[in-house]
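A.B. asks: Got work34.txt for you, compact mmCIF, C-alpha atoms:
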# COMPACT_ATOMS: atom_id res chain seq x y z
CA MET A 1 0.00 0.00 0.00
CA ASP A 2 1.34 3.42 -0.96
CA THR A 3 2.13 5.87 1.82
CA ASP A 4 1.46 9.55 1.40
CA GLY A 5 4.56 11.71 1.44
CA PRO A 6 4.96 14.89 3.50
CA ASP A 7 3.78 17.12 0.64
CA GLU A 8 0.60 15.12 0.10
CA LEU A 9 -0.17 15.06 3.82
CA LEU A 10 0.38 18.79 4.15
CA SER A 11 -1.85 19.45 1.14
CA GLU A 12 -4.59 17.28 2.61
CA PHE A 13 -4.30 19.05 5.94
CA ARG A 14 -4.68 22.43 4.24
CA GLU A 15 -7.73 21.28 2.31
CA ASN A 16 -9.39 19.77 5.38
CA ARG A 17 -8.74 22.32 8.08
CA LEU A 18 -9.45 21.18 11.62
CA GLY A 19 -12.53 22.72 13.13
CA VAL A 20 -12.98 23.51 16.79
CA TRP A 21 -14.24 19.99 17.45
CA GLY A 22 -11.22 18.49 15.70
CA ILE A 23 -8.82 20.59 17.73
CA LEU A 24 -10.57 19.52 20.93
CA GLN A 25 -10.25 15.87 19.92
CA VAL A 26 -6.53 16.22 19.27
CA THR A 27 -6.02 18.06 22.57
CA ALA A 28 -8.03 15.51 24.52
CA GLY A 29 -6.17 12.63 22.91
CA THR A 30 -2.81 14.17 23.75
CA GLY A 31 -3.92 14.77 27.31
CA LEU A 32 -4.97 11.14 27.68
CA VAL A 33 -1.59 9.95 26.46
CA VAL A 34 0.24 12.19 28.95
CA TYR A 35 -2.06 11.11 31.78
CA GLY A 36 -1.57 7.48 30.81
CA MET A 37 2.21 7.84 31.06
CA TRP A 38 1.88 9.53 34.45
CA ALA A 39 -0.61 7.04 35.87
CA GLY A 40 1.16 3.96 34.55
CA ILE A 41 4.82 4.82 34.91
CA LEU A 42 5.46 7.74 37.26
CA MET A 43 2.61 7.86 39.77
CA PRO A 44 3.22 4.40 41.36
CA GLY A 45 6.43 5.65 42.91
CA PHE A 46 4.74 8.73 44.39
CA ARG A 47 1.63 7.31 46.04
CA LYS A 48 3.15 7.07 49.51
CA VAL A 49 5.46 10.08 49.20
CA PRO A 50 4.46 13.41 50.80
CA LEU A 51 3.72 16.09 48.22
CA LYS A 52 6.69 18.29 49.20
CA LEU A 53 9.08 15.37 48.67
CA GLN A 54 7.81 14.37 45.25
CA VAL A 55 10.23 14.96 42.38
CA PRO A 56 8.85 14.72 38.83
CA TYR A 57 10.98 12.57 36.54
CA LEU A 58 13.03 14.73 34.20
CA PRO A 59 16.01 12.99 32.56
CA ALA A 60 19.38 14.69 32.80
CA SER A 61 20.64 16.13 29.53
CA ARG A 62 23.98 15.09 28.04
CA ALA A 63 25.43 18.45 29.07
CA GLN A 64 24.21 17.98 32.64
CA VAL A 65 25.74 14.51 32.83
CA ARG A 66 29.00 15.83 31.39
CA ASN A 67 29.13 18.68 33.93
CA VAL A 68 28.52 16.29 36.82
CA MET A 69 31.31 14.02 35.61
CA THR A 70 33.63 17.01 35.25
CA LEU A 71 33.07 17.92 38.90
CA LEU A 72 33.75 14.32 39.92
CA HIS A 73 36.97 14.18 37.88
CA GLY A 74 39.93 13.10 39.99
CA ARG A 75 37.75 11.41 42.58
CA SER A 76 37.71 7.67 43.22
CA GLY A 77 35.67 5.04 44.99
CA GLY A 78 31.95 4.55 44.71
CA VAL A 79 29.10 6.82 43.68
CA ALA A 80 25.61 7.01 45.16
CA ASP A 81 22.97 8.76 43.05
CA LEU A 82 19.96 9.77 45.14
CA GLY A 83 16.79 9.74 43.05
CA SER A 84 18.55 8.02 40.15
CA GLY A 85 15.65 8.08 37.66
CA ASP A 86 16.56 6.20 34.48
CA GLY A 87 20.07 5.55 35.77
CA ARG A 88 22.16 7.56 33.32
CA ILE A 89 24.31 9.24 35.99
CA VAL A 90 25.12 5.90 37.61
CA LEU A 91 25.94 4.35 34.24
CA GLU A 92 28.24 7.20 33.23
CA ALA A 93 29.94 7.18 36.63
CA TYR A 94 30.77 3.49 36.27
CA LYS A 95 32.11 4.05 32.76
CA THR A 96 34.52 6.65 34.15
CA GLY A 97 35.88 4.34 36.86
CA PHE A 98 33.60 4.72 39.89
CA SER A 99 32.75 1.48 41.65
CA PRO A 100 30.42 0.55 43.17
CA ALA A 101 28.01 2.79 41.27
CA ILE A 102 24.60 2.65 42.92
CA GLY A 103 21.35 4.45 42.20
CA TYR A 104 18.55 4.81 44.73
CA GLU A 105 15.10 5.30 43.23
CA LEU A 106 11.65 4.81 44.76
CA ASN A 107 9.72 4.46 41.51
CA PRO A 108 9.70 0.78 40.43
CA TRP A 109 9.17 1.60 36.75
CA LEU A 110 12.21 3.85 36.66
CA VAL A 111 14.29 1.18 38.38
CA ARG A 112 13.27 -1.27 35.64
CA LEU A 113 14.08 1.33 32.98
CA ALA A 114 17.51 1.94 34.52
CA ASN A 115 18.27 -1.78 34.57
CA PHE A 116 17.20 -2.04 30.93
CA HIS A 117 19.56 0.78 29.96
CA ALA A 118 22.39 -0.95 31.85
CA TRP A 119 21.66 -4.26 30.10
CA ARG A 120 21.51 -2.61 26.69
CA ALA A 121 24.87 -0.89 27.33
CA GLY A 122 26.47 -4.17 28.43
CA TYR A 123 26.82 -3.23 32.12
CA SER A 124 24.14 -5.42 33.66
CA GLY A 125 25.38 -6.70 37.02
CA LYS A 126 28.11 -4.06 37.12
CA VAL A 127 25.92 -1.11 38.15
CA PHE A 128 23.17 -1.35 40.73
CA TYR A 129 19.77 0.27 41.04
CA ARG A 130 17.91 -0.17 44.30
CA ARG A 131 14.29 0.62 44.95
CA GLU A 132 14.79 2.40 48.24
CA ASP A 133 13.65 5.56 49.95
CA LEU A 134 16.63 7.93 49.86
CA TRP A 135 15.74 9.18 53.34
CA LYS A 136 16.39 5.69 54.73
CA VAL A 137 19.66 5.06 52.91
CA ASP A 138 22.77 4.95 55.14
CA LEU A 139 25.25 7.41 53.62
CA SER A 140 27.95 7.11 56.28
CA GLU A 141 30.40 5.37 53.91
CA CYS A 142 29.57 7.29 50.73
CA LYS A 143 32.40 9.41 49.36
CA ASN A 144 30.68 10.68 46.18
CA VAL A 145 27.01 11.59 46.08
CA THR A 146 25.04 12.98 43.15
CA VAL A 147 21.55 14.46 43.24
CA PHE A 148 19.10 15.80 40.66
CA LEU A 149 16.27 16.85 42.96
CA ALA A 150 13.80 19.70 43.40
CA PRO A 151 14.77 22.69 45.58
CA SER A 152 12.14 21.78 48.20
CA VAL A 153 13.76 18.36 48.61
CA LEU A 154 17.33 19.66 48.58
CA SER A 155 16.64 21.99 51.50
CA LEU A 156 15.46 19.01 53.57
CA LEU A 157 18.29 16.78 52.38
CA GLU A 158 20.98 19.15 53.69
CA GLU A 159 20.51 17.95 57.27
CA LYS A 160 20.81 14.27 56.36
CA LEU A 161 23.96 14.79 54.29
CA LEU A 162 25.64 16.86 56.99
CA ALA A 163 24.77 14.29 59.64
CA GLU A 164 25.86 11.17 57.74
CA LEU A 165 28.51 11.87 55.12
CA PRO A 166 32.24 11.65 56.02
CA ASP A 167 34.41 14.76 55.84
CA ASP A 168 36.09 13.68 52.61
CA ALA A 169 32.79 13.26 50.78
CA LEU A 170 31.83 15.34 47.76
CA VAL A 171 28.22 16.12 46.83
CA VAL A 172 27.34 17.13 43.28
CA ALA A 173 23.95 18.68 42.55
CA GLY A 174 22.58 19.06 39.04
CA ARG A 175 19.90 21.45 37.76
CA PHE A 176 19.33 23.08 41.20
CA PRO A 177 21.87 24.03 43.90
CA PHE A 178 21.59 23.59 47.65
CA ARG A 179 20.08 26.86 48.80
CA ASP A 180 22.01 27.26 52.07
CA TRP A 181 25.37 25.85 50.99
CA THR A 182 28.34 27.54 49.35
CA PRO A 183 29.55 25.49 46.39
CA PHE A 184 33.15 24.33 46.11
CA ARG A 185 33.02 24.46 42.29
CA VAL A 186 30.46 25.25 39.60
CA GLU A 187 30.42 23.79 36.10
CA GLY A 188 28.27 24.75 33.10
CA GLU A 189 25.68 27.41 32.42
CA GLY A 190 21.92 27.83 32.73
CA VAL A 191 19.81 24.70 33.25
CA ASP A 192 22.85 22.50 32.57
CA ARG A 193 24.81 23.90 35.50
CA ALA A 194 26.11 21.61 38.27
CA TRP A 195 27.48 22.45 41.71
CA SER A 196 29.93 20.51 43.91
CA TYR A 197 30.11 20.72 47.69
CA ASN A 198 33.01 19.64 49.90
CA MET A 199 31.61 18.32 53.18
CA GLN A 200 34.63 19.21 55.30
CA ALA A 201 34.65 22.80 54.02
CA LEU A 202 30.89 23.06 54.59
CA ARG A 203 31.15 21.86 58.17
CA GLN A 204 33.99 24.26 58.89
CA HIS A 205 32.01 27.17 57.42
CA ILE A 206 28.91 26.28 59.43
CA SER A 207 31.00 25.97 62.60
CA ARG A 208 32.48 29.45 62.07
CA VAL A 209 29.06 30.96 61.43
CA ASP A 210 27.65 29.35 64.57
CA LYS A 211 30.63 30.54 66.62
CA ASN A 212 30.27 34.11 65.38
CA SER A 213 26.55 34.01 66.16
CA LEU A 214 27.23 32.99 69.73
CA GLU A 215 29.87 35.70 70.20
CA SER A 216 27.73 38.51 68.79
Show me this structure written as structure tokens.

C.D. replies:
Amino acid sequence: MDTDGPDELLSEFRENRLGVWGILQVTAGTGLVVYGMWAGILMPGFRKVPLKLQVPYLPASRAQVRNVMTLLHGRSGGVADLGSGDGRIVLEAYKTGFSPAIGYELNPWLVRLANFHAWRAGYSGKVFYRREDLWKVDLSECKNVTVFLAPSVLSLLEEKLLAELPDDALVVAGRFPFRDWTPFRVEGEGVDRAWSYNMQALRQHISRVDKNSLES
């Protein structure tokens, strides 16, 4: 059966302009598709999560991944990605020498997607994606932590990271910075920007601020 080419389709579209009802049908159909993706893939991981802690899935761009890896350059050991989504940060970290490379993600569908990407890239069994609540993950032995989370979540995560991470740990945030922390380095521009935070330097800065507050 012959298939119409782009010119024929465009000509037909011009001759049969969509009316108001047609536009509504297209809009409704698109909305149903989007809702279907949300209800079937993303919502299951959010049902038991408080609204302020929910983070919509938005894959990191290639530039964002590259900037995160640049900030991790020269580091060694393992990487823990909190809210790992489709697993691309974990996968890239392993490719650049970090091991173990572990992603923590609450949404089961995204964990499956991450494992599929690892299998397709030939790294199945070499990177790990765990369906766990990041708030319950023990970070006391993590030396490199990456996060792509919403500002409302980052502000709450600060306390956990300060309480659990060792002094020689480095935290790298993509897309949004930690509001109350001073970054050690910044890489990239605009929405692709990433920030790194040295835990020892942060603790020293906070200690000085607290000391000055008590003396004043």

A.B. asks: Rounded to one decimal, what separation in Å do you get between atom CA of A:Cys142 and atom CA of A:Lys211?

C.D. replies: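 Atom-to-atom, atom CA of A:Cys142 to atom CA of A:Lys211, that is 28.2 Å.
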
A.B. asks: Could you state the separation of atom CA of A:Val191 and atom CA of A:Asn144 in Å, given to one decimal place?

C.D. replies: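 These atoms are spaced 22.0 Å apart.
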
A.B. asks: Counting all atoms listed in the file, which of A:Val137, A:Val145, A:Val111, A:Leu156 gets nearest to A:Phe98?

C.D. replies: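 For A:Phe98, the nearest of the given residues is A:Val145.
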
A.B. asks: Kindly indicate which residue among A:Asn212, A:Thr96, A:Arg62, A:Thr146 lies nearest to A:Trp195, using only C-alpha atoms for the distances.

C.D. replies: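 The answer is A:Thr146, which sits nearest to A:Trp195.
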
A.B. asks: Can you work out which one of A:Arg175, A:Gly188, A:Leu58, A:Leu165 has the shortest atom-to-atom distance to A:Gln200, counting all atoms listed in the file?

C.D. replies: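 Result for the nearest residue to A:Gln200: A:Leu165.
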
A.B. asks: Between A:Glu164, A:Glu159, A:Asp138, A:Asp86, which residue has the minimum interatomic distance to A:Ala114, considering all atoms listed in the file?

C.D. replies: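 Among A:Glu164, A:Glu159, A:Asp138, A:Asp86, it is A:Asp86 that comes nearest to A:Ala114.
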
A.B. asks: Atom CA of A:Val209 and atom CA of A:Arg75, how far apart in Å?

C.D. replies: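 These atoms are spaced 28.5 Å apart.
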
A.B. asks: Give me the residues near A:Ala121 as a ChimeraX atom specification, where near means some atom within 9 Å (using all atoms listed in the file) and where sequence neighbours in that chain fewer than 4 positions away do not count.

C.D. replies: /A:91,116-117

A.B. asks: Between A:Asp167, A:Ile89, A:Met199, A:Arg208, which one has atoms that come closest to A:Pro183, using all atoms listed in the file?

C.D. replies: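 Distance minimum relative to A:Pro183 lands on A:Met199.
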
A.B. asks: Find, counting all atoms listed in the file, the residue in A:Ala169, A:Ala101, A:Ser196, A:Ala163 that gets nearest to A:Lys143.

C.D. replies: A:Ala169

A.B. asks: So which residues touch stretch 202-205 of chain A within 8 Å, counting all atoms listed in the file, skipping near sequence neighbours fewer than 6 positions away, as a PDB file with C-alpha atoms, in the frame of the given file?

C.D. replies:
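And here is the file that came out, result_15.pdb:
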ATOM      1  CA  LEU A 162      25.640  16.860  56.990  1.00  0.00           C
ATOM      2  CA  TRP A 181      25.370  25.850  50.990  1.00  0.00           C
ATOM      3  CA  THR A 182      28.340  27.540  49.350  1.00  0.00           C
TER       4      THR A 182
END

A.B. asks: Please provide the set of residues having any atom within 8 Å of A:Asn115, restricted to all atoms listed in the file, with same-chain residues fewer than 3 positions apart removed, written as a list in words.

C.D. replies: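 In the requested format, the answer is Gly87, Val111, Arg112, Ala118, Trp119, Ser124, Phe128 and Tyr129 of chain A.
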